[in-house]
Every structure is written in C-alpha cells, then in structure tokens.
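Asks: The structure is given below, and queries will be raised subsequently.
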Amino acid sequence: MQRLTIRTPEGIEFGLPLAGPVSRMLALVVDIAVVMTIARTAEKILGPLGFLGKDFSEAIKILAYFVISLVYMALAEWLWRGQTVGKRLLRLRVVDAGGLRLEASQVMVRNLMRFIDGLPALYLVGGITCLVSRHRQRLGDLAAGTVVIRAPNLSRPDLDQLLGGKYNSLAETRHLAARLRQKVRPEMGAIALEALLRRDEIEPRARLALFGEMAGYFRELVAYPPDAVEQLSDEQYVRNVVEILFRAQKEVARSQ
C-alpha cells in the first residue's frame, strides 16, 4: 500500500495510506448517484421552464447538473473536512499534500478541475493521471496540492496504558472538549497519537519541538481558560487532547 510521508521540521516522519483508483472510483459512483438524485429534484422544480422551448430547457438542465455537481462536491468536502457521501462510505478523505489544514481554495480548485479529469469520458484523464502520479493524484489534486487518503482507524486498544491515568483538565470543560473533537481532523489526531506512541524513539530536543508545534495547533483550534492549561507542558497538552479524541470512541465501541 502506497503511503504519503509527512516530514516535520524536526525530522520526524509520519505516514498516511493513500487511496487507490478503485476505491476512489467507487466513491465517485456513489457521489454521482447523489448528484443525479438532487438533479432530478431540480429538474422537477425547473419543469415550468419547458414553455421557453425544448433546446433552452435542455441547456438549463445540463447547466443545472454541472452547478449541482460542483456545489455538492465542494461544499461537502469543505464542511465534512475532505469527505463527501461517497468518501465517507469508502472511508476516504481529501487532505493537503503537505499535512497542512485543507483550505477552501484547494477544495474549489480540485473540484473545478474535475471537469477536465472527466474527459473524454468515465474520468479517463483523471484515472490515468492517478495511476502514473507518485501520490495517486488526479489533475485536480496536482493543481490544488491535495491527496486522497484512507481515513485512519483511530481506535487503539492500549489507550489506558498510553495515557497513564493522569488527570485531564481539558476534559473537565465538556463543551470545549466537544468542540475540540469536532474541529480536530482525524488524520491530525492519528498523527498526535502516533507521536505519543513513538515518543521514546525521538531525540529529546526534537521531541520538545514536535510536541510544541502540535500543542500550538490544538490551542489555536479551541481556546481553553488559563487555569485549565497553565500547568500543562506541551506534551501533556497533546496527551490530554488525544485522550479527549480517543476516549469517547473507545467508550462508544464498548457500549455497542
């Protein structure tokens, strides 16, 4: 399985599994079905325009299909942090190729390029590009600087041992903890967890810099009151965030 390797400024490498052409095509088929369903509804709404002439009516329907397709794909990927209905079902996600936050401009560019990737039919251009490119990117991904990965399985059986049963001041403010779970991208949660698992393999100075960068990222997402975070080191801050992200999933899994 091909992987996207993200190298931090401290020299630490993390890998994310890349999605293959087959799974991406299956996700696309699901999304096309969603778009067609929406388009049929729009067609019924636009039905009264038929009195303007058959050719004009058909042109409006074609234009509506492309607009719906673009809006659906772009809006879903932006609101669902790189996922559409098809990508969710196939456990895929669009991410920035450098491991940075996915920007709205990247989402728009990759979806505008979708019409070129779809040429001449059945996404032939995009499929060939995906097969020959290093990171399985279609033209839209190359232009936007994005890749499609397999959404990582975030559950780990040794969570209690990893966290060490320490008091978590971040979890006490429940509404902020819920907001943190909502805002943290799954791939960033997986990277933070992997960093904790591999902390003893990292040179001390690089480890301080790495956890400082991660803690800074999480602090920007959700601002906690000073009394909840003033005594926390960067590594403990990351450890507390990981507990918030993964403890809830583990408890849900146990209840099912």
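By order of appearance in the structure tokens: chains A, B, ..., then residues from 1 within every chain, and ligands from 1 in the order shown.
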Residues near Ile116 (chain A), anyone? I mean within 9 Å using only C-alpha atoms, not counting same-chain ones fewer than 3 positions away, as a ChimeraX atom specification.
Replies: /A:112-113,119-120,123,125-126,139-140
Asks: Using the selection just defined, write its residues with N, CA and C atoms as a JSON list (two decimals), in the first residue's frame.
Replies:
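Output below, filename part05.json:
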```json
[["chain", "number", "residue", "atom", "x", "y", "z"],
["A", 112, "LEU", "N", -13.13, 22.24, -9.52],
["A", 112, "LEU", "CA", -13.23, 22.88, -10.83],
["A", 112, "LEU", "C", -12.47, 22.06, -11.88],
["A", 113, "MET", "N", -11.35, 21.46, -11.47],
["A", 113, "MET", "CA", -10.55, 20.64, -12.38],
["A", 113, "MET", "C", -11.20, 19.28, -12.66],
["A", 119, "LEU", "N", -12.64, 14.09, -18.71],
["A", 119, "LEU", "CA", -12.54, 13.93, -20.16],
["A", 119, "LEU", "C", -11.77, 12.66, -20.54],
["A", 120, "PRO", "N", -11.99, 12.10, -21.72],
["A", 120, "PRO", "CA", -13.11, 12.40, -22.63],
["A", 120, "PRO", "C", -14.40, 11.75, -22.14],
["A", 123, "TYR", "N", -13.94, 9.61, -16.58],
["A", 123, "TYR", "CA", -12.76, 10.07, -15.83],
["A", 123, "TYR", "C", -11.47, 9.44, -16.35],
["A", 125, "VAL", "N", -8.94, 10.82, -18.16],
["A", 125, "VAL", "CA", -7.76, 11.65, -17.89],
["A", 125, "VAL", "C", -7.36, 11.56, -16.42],
["A", 126, "GLY", "N", -8.35, 11.73, -15.54],
["A", 126, "GLY", "CA", -8.07, 11.66, -14.10],
["A", 126, "GLY", "C", -7.58, 10.30, -13.67],
["A", 139, "LEU", "N", -5.42, 15.28, -11.89],
["A", 139, "LEU", "CA", -5.01, 16.63, -12.23],
["A", 139, "LEU", "C", -5.50, 17.66, -11.20],
["A", 140, "GLY", "N", -6.74, 17.47, -10.73],
["A", 140, "GLY", "CA", -7.28, 18.39, -9.73],
["A", 140, "GLY", "C", -6.47, 18.39, -8.44]]
```
Asks: What lies within 10 Å of region 55-67 of chain A using only C-alpha atoms, ignoring chain neighbours under 2 positions off, as number ranges by chain?
Replies: A: 35-36, 38-40, 42-43, 46-53, 69-72, 115
Asks: Keeping C-alpha atoms, export the residues of the selection given above as a tab-separated table (two decimals), in the first residue's frame.
Replies:
```tsv
chain	number	residue	atom	x	y	z
A	35	VAL	CA	-25.85	14.38	-7.62
A	36	MET	CA	-28.30	12.72	-10.01
A	38	ILE	CA	-30.54	16.14	-6.48
A	39	ALA	CA	-30.59	16.94	-10.21
A	40	ARG	CA	-33.85	15.04	-10.72
A	42	ALA	CA	-34.15	20.28	-9.54
A	43	GLU	CA	-35.49	19.12	-12.91
A	46	LEU	CA	-37.46	23.74	-13.34
A	47	GLY	CA	-40.17	21.90	-15.26
A	48	PRO	CA	-42.30	25.02	-15.88
A	49	LEU	CA	-39.43	26.48	-17.96
A	50	GLY	CA	-40.31	23.99	-20.69
A	51	PHE	CA	-42.57	26.56	-22.36
A	52	LEU	CA	-39.43	28.50	-23.38
A	53	GLY	CA	-38.51	25.76	-25.84
A	69	SER	CA	-22.21	18.65	-9.07
A	70	LEU	CA	-19.67	21.39	-8.33
A	71	VAL	CA	-21.55	22.84	-5.35
A	72	TYR	CA	-22.24	19.42	-3.82
A	115	PHE	CA	-14.44	18.57	-15.45
```
Asks: Could you jot down the CA of Glu194 (chain A) to CA of Arg179 (chain A) separation for me, Å, one decimal place?
Replies: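 That distance, rounded to one decimal, is 22.1 Å.
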Asks: So which bits of region 122-217 of chain A end up strand (DSSP E) when you DSSP the backbone, as a list in words?
Replies: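 Result set for region 122-217 of chain A (strand (DSSP E)): Thr146, Val147, Val148, Ile149 and Arg150 of chain A.
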Asks: Smallest atom-to-atom distance to Glu235 (chain A): which of A:Arg207, A:Lys87, A:Arg198, A:Arg3, using only C-alpha atoms?
Replies: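 Selected residue with least distance to Glu235 (chain A): A:Arg207.
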Asks: In region 173-246 of chain A, what's helix (DSSP H, G or I) per DSSP? Answer as a PyMOL selection string?
Replies: chain A and resi 174-183+186-197+199-201+204-221+226-229+234-246
Asks: Please identify all polymer residues within 12 Å of Gln231 (chain A), counting only C-alpha atoms, omitting same-chain residues fewer than 6 positions from it, and present them as a list in words.
Replies: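 Within the cut-off, the hits are Tyr167, Asn168, Ser169, Leu170, Pro225 and Tyr237 of chain A.
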Asks: If we count only C-alpha atoms and set the cut-off at 10 Å, which residues sit around Ala97 (chain A), ignoring sequence neighbours fewer than 3 positions away in its own chain? Please answer as a list in words.
Replies: Leu4, Thr5, Ile6, Val94, Leu100, Arg101, Leu102, His135, Gln137, Asp141, Leu142, Ala144, Gly145, Thr146, Val147, Val148 and Ile149 of chain A
Asks: Of the candidates A:Met214, A:Leu245, A:Val132, A:Ala27, which one gets nearest to Leu180 (chain A) if we count only C-alpha atoms?
Replies: A:Leu245
